[in-house]
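Please read the structure below before turning to the comments.
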Amino acid sequence: MKNSQTSTPSDFIRTIINKDLASGRHKKIIVRFPPEPNGFLHIGHAKSSTLNFGLASEYGGRCHLRFDDTNPETEDQSYVDAIKNDLRWLGFDWGEHEYYASDYFETLYEWACILINKGLAYVDDSHENVIRLTRGTVTTPGVHSRFRDRSPEENFELFQAMREGEFADGACVLRAKIDMAHPNMKMRDPLMYRIRHTTHYRHGDQWCIYPFYDWAHGQSDAIESVTHSICTLEFSTNRILYDWYLDALDINPRPRQYEFARLNLDYNITSKRQLIALVQEHVVDGWSDPRMPTLAGLRRRGIRSKAIRSFCQSVGTTRVDSTHDPVLLDHFIREDLNHLAPRIHCVQDPLPVTLTNWPENHVEKLTASYWPHEIPKEGTRELPISRELLIERKDFSETPSKGFRRLTPNGIVRLRQGYIIRCTSVEKDGQGHIIRLLCEYIDGTLSGENTSSLKPQGTIHWVDAIHSLPVIVRVYDRLLSDTSIDEDLWTSLNPISLVEHRHARIEPSVADDLSDQRYQFVRLGYYWRDPESMDQSSTPIFNCIVPLRDSSHKSTSDHSNEIKQTPKKIESSTPQRTLTTLEKQWLQRSGLPRSTGLAIYAVDGAIEFFQAAASSAPRVSVSNWMANHLLPALNERKLSDLPFGPYQFAELIQLADNEVGTAHEIRMVLKLMFDSNVPPAQLLSDLQDSMIDDPEIIKPLISDVLNEFSDRVTAYANGKVGLIGFFVGQVIKRVDGNVNPKQIQELVSEELARITS
RNA sequence: UGCCCUGUAGCUCAAUUGGCAGAGCGCCUGGCUCUGGACCAGGAGGUUUCAGGUUCGAAUCCUGGCGGGGCAACCA
């Protein structure tokens, strides 16, 4: 079996953590999983919790479970319990680190008072609608509230009165005083507290003011000493506020927020609102309906948490919006169950078969293995067979299409773990429907004791008509008939997302098995007893966990010659953005090409720097080196903070232009200049002294490389020209970069030409 | 139309930070098999969104274009 998660995952979050650990910013990482207890966890939460709990165990840190329960109107203890249950089922352990944002209300209140004191927060009596309207739009600034300039003393008194219940719901709010014209809407005096005279499931009527998400979340992270606060992408615009609050409170060291893409599944619904609608309209059988993407639903379908964890790990962590194909989940479910589920027989849609040459009333008890040969497990069960059998209706065809590998009139087929049979006759009712097959079994063909040389068309599953047990089998399909909802939820629903086989029959061996036993129904899929209808019905109900892969379409399919589309080249002169007058003037004045000109224009002080440098070195070279090397290397630094000025930079450029140094060397010198004030010419000559340029030294190195990678030399000779870069890179690596790549490139080319000619 | 994020195989992700464009799933072919499963072997599939630029060398750096997503709740 292939193991798809042997390699440790690498993603941008782990890269950040590695860096933080290496730099000593953190000795130990603390992350958190912060659900709001207002609904059930779904597959998306599985991704988030797998990430967070996974990070904690990988890095020997810890992951807190924190209930983000700051809105008393929607939250409830029953959700807390359900969430904890789901997380434990997923296999996560938070030990004693179970926290509630609502337990921090007192601290949050005190911190709000600090902001009021600093003049950074104010009580606003404006009506809800007024606040919304005066916030402005993404393109127009907002307007200051007329309560914005209340004194800290007045604000403090009002805020205390808010807490003490002196105002009705909605009478006023506490807002942070930031910037009503900020380009990020979240910074336009965001709300911190609202008044709600509602009973909180955890704190009763102790509070009537409740903090908003932004005011509660970062501060809760800080209280718990969280180092990396990982949330989904839609919160990225909140990050600036997250940081602003922590700055305002002088919290240090402080948590940092990182965002990743939430998990979307094709053919599924992930919106909480729509999931509620399905439950309320009884389209599904509650939150745990096996078609639901909730953890409760997946669990009831019979999927084990291991499969879900594998799936979540395999989808990775990125910042790219993406939707996943559920076939990937299916794959991990099958991989998990393959070695776990004994093979048994169940006929979902029975067609009676009479073995005409089988003695009446004779019953034979076959001993049948639970496992196919390649699974190293032992175990058998008794499989009764008599004159009357049942096979799958789909396993017989009077008019078989090409490639049909099952029973046909006069054809032979093997009853799995039993005899080979031949169909001799077909019985039909008045309407022409097949109601029974008459077959003959062939003596001497019993599984394992076959003495015949017959080659059956295929192997089919079956059960004995008398000894088998009646069961109801539920087979689930996708909730949506298309990958996503188009326009309306109700018309997008898959009408056959549930097929119930009410007349299915199963072999008798399962009668006393444990209720959580999972089986593979041979040739159908993986199944288990529906845990929620265990005693309601005398007829056991089985859920299909996942069907087997089905490649029956392969042999009959005929789309082998699909049209290969030739990529079209769209030729068009790319439109360019219209420049501001100042930009135009600058380009005209400098005579620089658009791209380099704009790069220089965009950086503070770069124009002056350029003009000064260009007075003693060629303009084009100066602009190229600035735009492509100097300015990008600046990062956070400013031009004025560098240990060198434009004239030294110009000296460097001249060294390049006069070919005193190669482009490669000049780049290395530039890097050195960022941390030294030695003149460029000096740096260059020092560097060149340490460079290896003697062909007699280099050539043997090249031969070594080409010998070591002789297979790649062959590939190169066969046309894989791109390998030249690989060879050059290898040589450079061996001398720690102290060579001129251009020279190496030339020498390697010569050598390759010599070898391969 | 402001700010932020984001484009690599059909899908989801890698690419040692400027040096061979790879993996898993899916698909196809063959092998094996008493499961049209599993397993084994192989294959197809790429102008790295596009156009320029810098470089011996660009998925990676620079400029611009095009596309996708998020933000204007007294929700989180």
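So you can find residues: chains in the structure tokens are A, B, ... in the order shown, residues in each start at 1, and ligands are numbered from 1 in order.
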
Within 7 Å of chain B, which residues of chain A come that close, and what is the closest atom pair and distance in Å for each? Count only C-alpha atoms (C1' of nucleotides) and give it as JSON lines.
{"residue": "A:Ser4", "atom": "CA", "partner": "B:G24", "partner_atom": "C1'", "distance": 6.8}
{"residue": "A:Glu128", "atom": "CA", "partner": "B:C74", "partner_atom": "C1'", "distance": 6.5}
{"residue": "A:Gly136", "atom": "CA", "partner": "B:A72", "partner_atom": "C1'", "distance": 6.8}
{"residue": "A:Thr137", "atom": "CA", "partner": "B:A72", "partner_atom": "C1'", "distance": 5.1}
{"residue": "A:Val138", "atom": "CA", "partner": "B:G2", "partner_atom": "C1'", "distance": 5.2}
{"residue": "A:Thr139", "atom": "CA", "partner": "B:G2", "partner_atom": "C1'", "distance": 4.5}
{"residue": "A:Gly170", "atom": "CA", "partner": "B:C74", "partner_atom": "C1'", "distance": 6.4}
{"residue": "A:Pro183", "atom": "CA", "partner": "B:C3", "partner_atom": "C1'", "distance": 5.1}
{"residue": "A:Asn184", "atom": "CA", "partner": "B:C3", "partner_atom": "C1'", "distance": 5.3}
{"residue": "A:Met185", "atom": "CA", "partner": "B:A72", "partner_atom": "C1'", "distance": 6.1}
{"residue": "A:Arg194", "atom": "CA", "partner": "B:C74", "partner_atom": "C1'", "distance": 5.5}
{"residue": "A:Tyr213", "atom": "CA", "partner": "B:A76", "partner_atom": "C1'", "distance": 6.2}
{"residue": "A:Glu234", "atom": "CA", "partner": "B:G70", "partner_atom": "C1'", "distance": 5.5}
{"residue": "A:Thr237", "atom": "CA", "partner": "B:C71", "partner_atom": "C1'", "distance": 6.1}
{"residue": "A:Val315", "atom": "CA", "partner": "B:U12", "partner_atom": "C1'", "distance": 5.6}
{"residue": "A:Gly316", "atom": "CA", "partner": "B:C13", "partner_atom": "C1'", "distance": 6.4}
{"residue": "A:Val320", "atom": "CA", "partner": "B:U6", "partner_atom": "C1'", "distance": 5.7}
{"residue": "A:Asp321", "atom": "CA", "partner": "B:G69", "partner_atom": "C1'", "distance": 6.7}
{"residue": "A:His324", "atom": "CA", "partner": "B:U12", "partner_atom": "C1'", "distance": 6.6}
{"residue": "A:Asp325", "atom": "CA", "partner": "B:C11", "partner_atom": "C1'", "distance": 6.3}
{"residue": "A:Leu328", "atom": "CA", "partner": "B:C25", "partner_atom": "C1'", "distance": 5.7}
{"residue": "A:Arg416", "atom": "CA", "partner": "B:C34", "partner_atom": "C1'", "distance": 6.0}
{"residue": "A:Gln417", "atom": "CA", "partner": "B:C34", "partner_atom": "C1'", "distance": 6.8}
{"residue": "A:Thr459", "atom": "CA", "partner": "B:C34", "partner_atom": "C1'", "distance": 6.3}
{"residue": "A:Val522", "atom": "CA", "partner": "B:U35", "partner_atom": "C1'", "distance": 5.8}
{"residue": "A:Arg523", "atom": "CA", "partner": "B:U35", "partner_atom": "C1'", "distance": 5.0}
{"residue": "A:Leu548", "atom": "CA", "partner": "B:G37", "partner_atom": "C1'", "distance": 6.2}
{"residue": "A:Arg549", "atom": "CA", "partner": "B:G37", "partner_atom": "C1'", "distance": 6.8}
{"residue": "A:Asp550", "atom": "CA", "partner": "B:G36", "partner_atom": "C1'", "distance": 6.4}
{"residue": "A:Ser551", "atom": "CA", "partner": "B:G36", "partner_atom": "C1'", "distance": 5.5}
{"residue": "A:Ser552", "atom": "CA", "partner": "B:G36", "partner_atom": "C1'", "distance": 4.6}
{"residue": "A:Thr574", "atom": "CA", "partner": "B:G65", "partner_atom": "C1'", "distance": 5.6}
{"residue": "A:Pro575", "atom": "CA", "partner": "B:G65", "partner_atom": "C1'", "distance": 6.1}
{"residue": "A:Gln576", "atom": "CA", "partner": "B:G64", "partner_atom": "C1'", "distance": 6.3}
{"residue": "A:Ser595", "atom": "CA", "partner": "B:U63", "partner_atom": "C1'", "distance": 4.0}
{"residue": "A:Thr596", "atom": "CA", "partner": "B:U63", "partner_atom": "C1'", "distance": 6.5}
{"residue": "A:Leu598", "atom": "CA", "partner": "B:U63", "partner_atom": "C1'", "distance": 7.0}
{"residue": "A:Ala599", "atom": "CA", "partner": "B:U63", "partner_atom": "C1'", "distance": 6.6}
{"residue": "A:Asn624", "atom": "CA", "partner": "B:U54", "partner_atom": "C1'", "distance": 6.9}
{"residue": "A:Ala627", "atom": "CA", "partner": "B:C62", "partner_atom": "C1'", "distance": 6.0}
{"residue": "A:Asn628", "atom": "CA", "partner": "B:C62", "partner_atom": "C1'", "distance": 5.0}
{"residue": "A:Leu723", "atom": "CA", "partner": "B:C20", "partner_atom": "C1'", "distance": 5.6}
{"residue": "A:Gly725", "atom": "CA", "partner": "B:G19", "partner_atom": "C1'", "distance": 4.8}
{"residue": "A:Phe726", "atom": "CA", "partner": "B:G19", "partner_atom": "C1'", "distance": 5.1}
{"residue": "A:Val728", "atom": "CA", "partner": "B:G19", "partner_atom": "C1'", "distance": 6.9}
{"residue": "A:Gly729", "atom": "CA", "partner": "B:G19", "partner_atom": "C1'", "distance": 4.7}
{"residue": "A:Pro741", "atom": "CA", "partner": "B:C56", "partner_atom": "C1'", "distance": 6.3}
{"residue": "A:Lys742", "atom": "CA", "partner": "B:C56", "partner_atom": "C1'", "distance": 4.3}
{"residue": "A:Gln745", "atom": "CA", "partner": "B:C56", "partner_atom": "C1'", "distance": 6.0}

**Message:** Give me, as a ChimeraX atom specification, all polymer residues having an atom no more than 12 Å from A:Asp395, counting only C-alpha atoms (C1' of nucleotides) and skipping those fewer than 4 positions away in the same chain.
**Reply:** /A:347-353,390-391,399-400,404-409,411-415,423,437,457-462,523-524 /B:36

Selection export as a tab-separated table (two decimals), in the first residue's frame, atoms kept: N, CA, C and O atoms (P, O5', C5', C4', C3', O3' and C1' of nucleotides):
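Produced file part-v7.tsv, reproduced below:
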chain	number	residue	atom	x	y	z
A	347	VAL	N	-26.85	-8.72	-1.32
A	347	VAL	CA	-27.49	-8.44	-2.60
A	347	VAL	C	-28.49	-7.32	-2.40
A	347	VAL	O	-29.44	-7.46	-1.65
A	348	GLN	N	-28.23	-6.19	-3.05
A	348	GLN	CA	-29.07	-5.01	-2.81
A	348	GLN	C	-30.40	-5.09	-3.53
A	348	GLN	O	-31.44	-4.72	-3.02
A	349	ASP	N	-30.37	-5.58	-4.75
A	349	ASP	CA	-31.57	-5.60	-5.58
A	349	ASP	C	-31.70	-7.03	-6.13
A	349	ASP	O	-31.21	-7.33	-7.22
A	350	PRO	N	-32.37	-7.91	-5.37
A	350	PRO	CA	-32.27	-9.36	-5.65
A	350	PRO	C	-33.06	-9.82	-6.87
A	350	PRO	O	-34.16	-9.35	-7.14
A	351	LEU	N	-32.46	-10.76	-7.58
A	351	LEU	CA	-33.13	-11.49	-8.66
A	351	LEU	C	-33.02	-12.98	-8.30
A	351	LEU	O	-31.91	-13.49	-8.13
A	352	PRO	N	-34.17	-13.68	-8.16
A	352	PRO	CA	-34.13	-15.09	-7.75
A	352	PRO	C	-33.49	-15.98	-8.83
A	352	PRO	O	-33.69	-15.77	-10.02
A	353	VAL	N	-32.73	-16.95	-8.33
A	353	VAL	CA	-32.10	-17.93	-9.21
A	353	VAL	C	-32.41	-19.32	-8.64
A	353	VAL	O	-32.28	-19.52	-7.44
A	390	LEU	N	-30.15	-15.83	-4.56
A	390	LEU	CA	-30.46	-14.47	-5.04
A	390	LEU	C	-29.18	-13.86	-5.58
A	390	LEU	O	-28.12	-13.99	-4.96
A	391	ILE	N	-29.29	-13.24	-6.74
A	391	ILE	CA	-28.13	-12.50	-7.26
A	391	ILE	C	-28.57	-11.07	-7.53
A	391	ILE	O	-29.77	-10.74	-7.47
A	399	THR	N	-29.42	-9.01	-23.11
A	399	THR	CA	-28.80	-8.43	-24.30
A	399	THR	C	-27.56	-7.65	-23.87
A	399	THR	O	-27.57	-6.44	-23.80
A	400	PRO	N	-26.51	-8.41	-23.54
A	400	PRO	CA	-25.32	-7.76	-22.97
A	400	PRO	C	-24.62	-6.86	-23.97
A	400	PRO	O	-24.55	-7.17	-25.16
A	404	PHE	N	-19.51	-6.85	-21.30
A	404	PHE	CA	-20.29	-7.26	-20.14
A	404	PHE	C	-19.71	-8.56	-19.59
A	404	PHE	O	-19.60	-9.55	-20.30
A	405	ARG	N	-19.32	-8.53	-18.31
A	405	ARG	CA	-18.59	-9.67	-17.76
A	405	ARG	C	-19.38	-10.41	-16.71
A	405	ARG	O	-18.84	-10.91	-15.73
A	406	ARG	N	-20.70	-10.45	-16.90
A	406	ARG	CA	-21.52	-11.12	-15.89
A	406	ARG	C	-22.40	-12.18	-16.55
A	406	ARG	O	-22.06	-12.67	-17.62
A	407	LEU	N	-23.54	-12.47	-15.93
A	407	LEU	CA	-24.33	-13.60	-16.42
A	407	LEU	C	-25.18	-13.21	-17.62
A	407	LEU	O	-25.78	-12.13	-17.66
A	408	THR	N	-25.22	-14.10	-18.59
A	408	THR	CA	-26.04	-13.91	-19.80
A	408	THR	C	-26.71	-15.24	-20.10
A	408	THR	O	-26.30	-16.28	-19.58
A	409	PRO	N	-27.75	-15.25	-20.93
A	409	PRO	CA	-28.38	-16.52	-21.29
A	409	PRO	C	-27.34	-17.48	-21.87
A	409	PRO	O	-26.56	-17.08	-22.75
A	411	GLY	N	-24.69	-18.28	-20.68
A	411	GLY	CA	-23.33	-17.97	-20.26
A	411	GLY	C	-23.02	-18.60	-18.91
A	411	GLY	O	-23.92	-19.05	-18.19
A	412	ILE	N	-21.74	-18.66	-18.58
A	412	ILE	CA	-21.38	-19.17	-17.26
A	412	ILE	C	-20.67	-18.08	-16.46
A	412	ILE	O	-20.01	-17.20	-17.00
A	413	VAL	N	-20.87	-18.18	-15.16
A	413	VAL	CA	-20.32	-17.18	-14.26
A	413	VAL	C	-20.00	-17.89	-12.96
A	413	VAL	O	-20.59	-18.92	-12.63
A	414	ARG	N	-19.01	-17.36	-12.22
A	414	ARG	CA	-18.72	-17.99	-10.94
A	414	ARG	C	-19.47	-17.29	-9.83
A	414	ARG	O	-19.50	-16.07	-9.77
A	415	LEU	N	-20.13	-18.10	-8.98
A	415	LEU	CA	-20.68	-17.56	-7.74
A	415	LEU	C	-19.49	-17.43	-6.80
A	415	LEU	O	-18.82	-18.43	-6.51
A	423	CYS	N	-26.63	-20.24	-17.00
A	423	CYS	CA	-28.03	-19.83	-17.09
A	423	CYS	C	-28.68	-20.57	-18.25
A	423	CYS	O	-28.26	-20.46	-19.40
A	437	LEU	N	-34.32	-16.63	-12.77
A	437	LEU	CA	-33.44	-17.32	-13.71
A	437	LEU	C	-33.38	-18.78	-13.33
A	437	LEU	O	-33.35	-19.13	-12.15
A	457	GLN	N	-17.35	-16.01	-17.38
A	457	GLN	CA	-17.29	-14.63	-17.88
A	457	GLN	C	-16.96	-13.64	-16.77
A	457	GLN	O	-16.57	-12.52	-17.03
A	458	GLY	N	-17.18	-14.10	-15.54
A	458	GLY	CA	-16.91	-13.20	-14.44
A	458	GLY	C	-17.25	-13.86	-13.13
A	458	GLY	O	-17.62	-15.03	-13.08
A	459	THR	N	-17.12	-13.13	-12.05
A	459	THR	CA	-17.46	-13.62	-10.73
A	459	THR	C	-18.50	-12.68	-10.14
A	459	THR	O	-18.32	-11.46	-10.20
A	460	ILE	N	-19.58	-13.24	-9.62
A	460	ILE	CA	-20.61	-12.37	-9.05
A	460	ILE	C	-20.88	-12.78	-7.60
A	460	ILE	O	-20.59	-13.89	-7.18
A	461	HIS	N	-21.41	-11.83	-6.84
A	461	HIS	CA	-21.78	-12.13	-5.46
A	461	HIS	C	-23.23	-12.62	-5.42
A	461	HIS	O	-24.00	-12.40	-6.36
A	462	TRP	N	-23.61	-13.24	-4.32
A	462	TRP	CA	-24.91	-13.90	-4.22
A	462	TRP	C	-25.20	-14.17	-2.76
A	462	TRP	O	-24.28	-14.09	-1.93
A	523	ARG	N	-17.95	-6.33	-4.25
A	523	ARG	CA	-18.28	-5.72	-5.54
A	523	ARG	C	-19.19	-4.50	-5.42
A	523	ARG	O	-19.58	-3.92	-6.43
A	524	LEU	N	-19.52	-4.09	-4.18
A	524	LEU	CA	-20.39	-2.93	-4.03
A	524	LEU	C	-19.67	-1.77	-3.36
A	524	LEU	O	-19.58	-0.67	-3.92
B	36	G	P	-15.43	-8.10	-10.63
B	36	G	O5'	-14.74	-6.72	-11.00
B	36	G	C5'	-13.44	-6.68	-11.53
B	36	G	C4'	-13.22	-5.36	-12.22
B	36	G	C3'	-13.65	-4.16	-11.38
B	36	G	O3'	-12.86	-3.03	-11.77
B	36	G	C1'	-14.98	-4.30	-13.31

**Residue list (helix (DSSP H, G or I), DSSP) for stretch 281-311 of chain A, as a VMD selection string** = chain A and resid 295 to 301 305 to 311

**Message:** Which residue is closest to B:U29? Choose from B:A15, B:A44, B:A58, B:A9 and count only C-alpha atoms (C1' of nucleotides).
**Reply:**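 Residue with the minimum atom-to-atom distance to B:U29: B:A44.
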
**Item:** Shell around A:Leu752 at 9 Å using only C-alpha atoms (C1' of nucleotides), local window under 6 positions removed, as a PyMOL selection string
**Value:** chain A and resi 706+713+716-717+724

Residue subset to file, keeping all heavy atoms, as a compact mmCIF listing (two decimals), in the first residue's frame:
# COMPACT_ATOMS: atom_id res chain seq x y z
N LEU A 706 30.14 16.18 -14.74
CA LEU A 706 29.57 15.48 -15.90
C LEU A 706 29.69 13.97 -15.75
O LEU A 706 28.82 13.22 -16.19
CB LEU A 706 30.23 15.96 -17.18
CG LEU A 706 30.00 17.44 -17.50
CD1 LEU A 706 30.56 17.79 -18.87
CD2 LEU A 706 28.53 17.81 -17.44
N VAL A 713 23.78 13.71 -18.71
CA VAL A 713 24.50 14.12 -19.91
C VAL A 713 23.85 13.47 -21.13
O VAL A 713 23.66 14.10 -22.16
CB VAL A 713 25.99 13.72 -19.81
CG1 VAL A 713 26.71 14.01 -21.13
CG2 VAL A 713 26.66 14.49 -18.68
N TYR A 716 20.78 15.22 -21.86
CA TYR A 716 21.11 16.50 -22.52
C TYR A 716 21.36 16.26 -24.00
O TYR A 716 20.83 16.97 -24.86
CB TYR A 716 22.34 17.10 -21.86
CG TYR A 716 22.85 18.36 -22.52
CD1 TYR A 716 22.33 19.60 -22.16
CD2 TYR A 716 23.83 18.31 -23.51
CE1 TYR A 716 22.77 20.75 -22.76
CE2 TYR A 716 24.28 19.46 -24.13
CZ TYR A 716 23.75 20.69 -23.76
OH TYR A 716 24.20 21.83 -24.36
N ALA A 717 22.14 15.21 -24.27
CA ALA A 717 22.45 14.90 -25.67
C ALA A 717 21.18 14.57 -26.44
O ALA A 717 21.09 14.83 -27.64
CB ALA A 717 23.42 13.73 -25.73
N ILE A 724 21.62 22.26 -18.88
CA ILE A 724 22.84 23.06 -18.79
C ILE A 724 22.87 23.84 -17.49
O ILE A 724 23.89 23.92 -16.81
CB ILE A 724 22.97 23.99 -20.03
CG1 ILE A 724 24.30 24.75 -20.01
CG2 ILE A 724 21.84 25.01 -20.09
CD1 ILE A 724 25.37 24.06 -20.75

**Asked** Which polymer residues have any atom within 8 Å of an atom of A:Leu263, counting only C-alpha atoms (C1' of nucleotides), with same-chain residues fewer than 5 positions away left out, as a VMD selection string?
**Response** chain A and resid 43 to 44 47 322 to 324

**Nearest candidate to A:Asp285 (options A:Leu579, A:Leu498, A:Met534, A:Ala82; using only C-alpha atoms)** =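 For A:Asp285, the nearest of the candidates is A:Leu498.
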
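Summary of the local environment: counting only C-alpha atoms (C1' of nucleotides), residues at most 7 Å from A:Ser484, other than itself and those fewer than 2 positions away along its chain, are Asp266, Tyr267, Asn268, Leu480, Asp482 and Asp486 of chain A.
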
N, CA, C and O atoms of the current selection, written as a compact mmCIF listing (two decimals), in the first residue's frame:
# COMPACT_ATOMS: atom_id res chain seq x y z
N ASP A 266 -16.54 20.28 -3.67
CA ASP A 266 -17.50 20.25 -4.76
C ASP A 266 -18.69 19.38 -4.39
O ASP A 266 -18.55 18.43 -3.62
N TYR A 267 -19.84 19.68 -4.95
CA TYR A 267 -21.08 18.91 -4.74
C TYR A 267 -21.55 18.98 -3.28
O TYR A 267 -22.37 18.18 -2.87
N ASN A 268 -20.98 19.88 -2.52
CA ASN A 268 -21.35 19.96 -1.12
C ASN A 268 -21.68 21.39 -0.73
O ASN A 268 -21.31 22.33 -1.40
N LEU A 480 -25.59 17.78 -3.94
CA LEU A 480 -25.90 18.66 -5.07
C LEU A 480 -25.69 17.91 -6.37
O LEU A 480 -24.82 17.04 -6.47
N ASP A 482 -24.81 19.44 -9.12
CA ASP A 482 -23.67 20.05 -9.79
C ASP A 482 -22.61 20.40 -8.74
O ASP A 482 -22.87 20.32 -7.56
N ASP A 486 -26.12 26.66 -8.13
CA ASP A 486 -26.29 27.77 -9.07
C ASP A 486 -27.66 28.40 -8.83
O ASP A 486 -28.69 27.75 -8.96

**Asked** If you count only C-alpha atoms (C1' of nucleotides), which residues fall within 8 Å of A:Ser225, apart from same-chain ones fewer than 3 positions away, as number ranges by chain?
**Response** A: 30, 221-222, 254-255

**Prompt:** How would you write, as number ranges by chain, the set of residues in stretch 116-353 of chain A that DSSP gives as strand (DSSP E or B)?
**Reply:** A: 121-124, 173-176, 191-195, 200, 204, 209-211, 228-232, 256-260, 264-265, 294, 323-324, 343-344, 346-347, 350-353

**Message:** For B:U60, find every residue with an atom within 12 Å (counting only C-alpha atoms (C1' of nucleotides)), except residues of its own chain fewer than 3 positions away, and show them as number ranges by chain.
**Reply:** B: 8, 15, 17-19, 21, 48

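Atom pair atom CA of A:Thr354 / atom CA of A:Ala465: separated by 9.5 Å.
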
**Asked** Which distance in Å separates atom CA of A:Cys346 and atom CA of A:Arg291, to one decimal?
**Response**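 Between atom CA of A:Cys346 and atom CA of A:Arg291 the gap works out to 22.0 Å.
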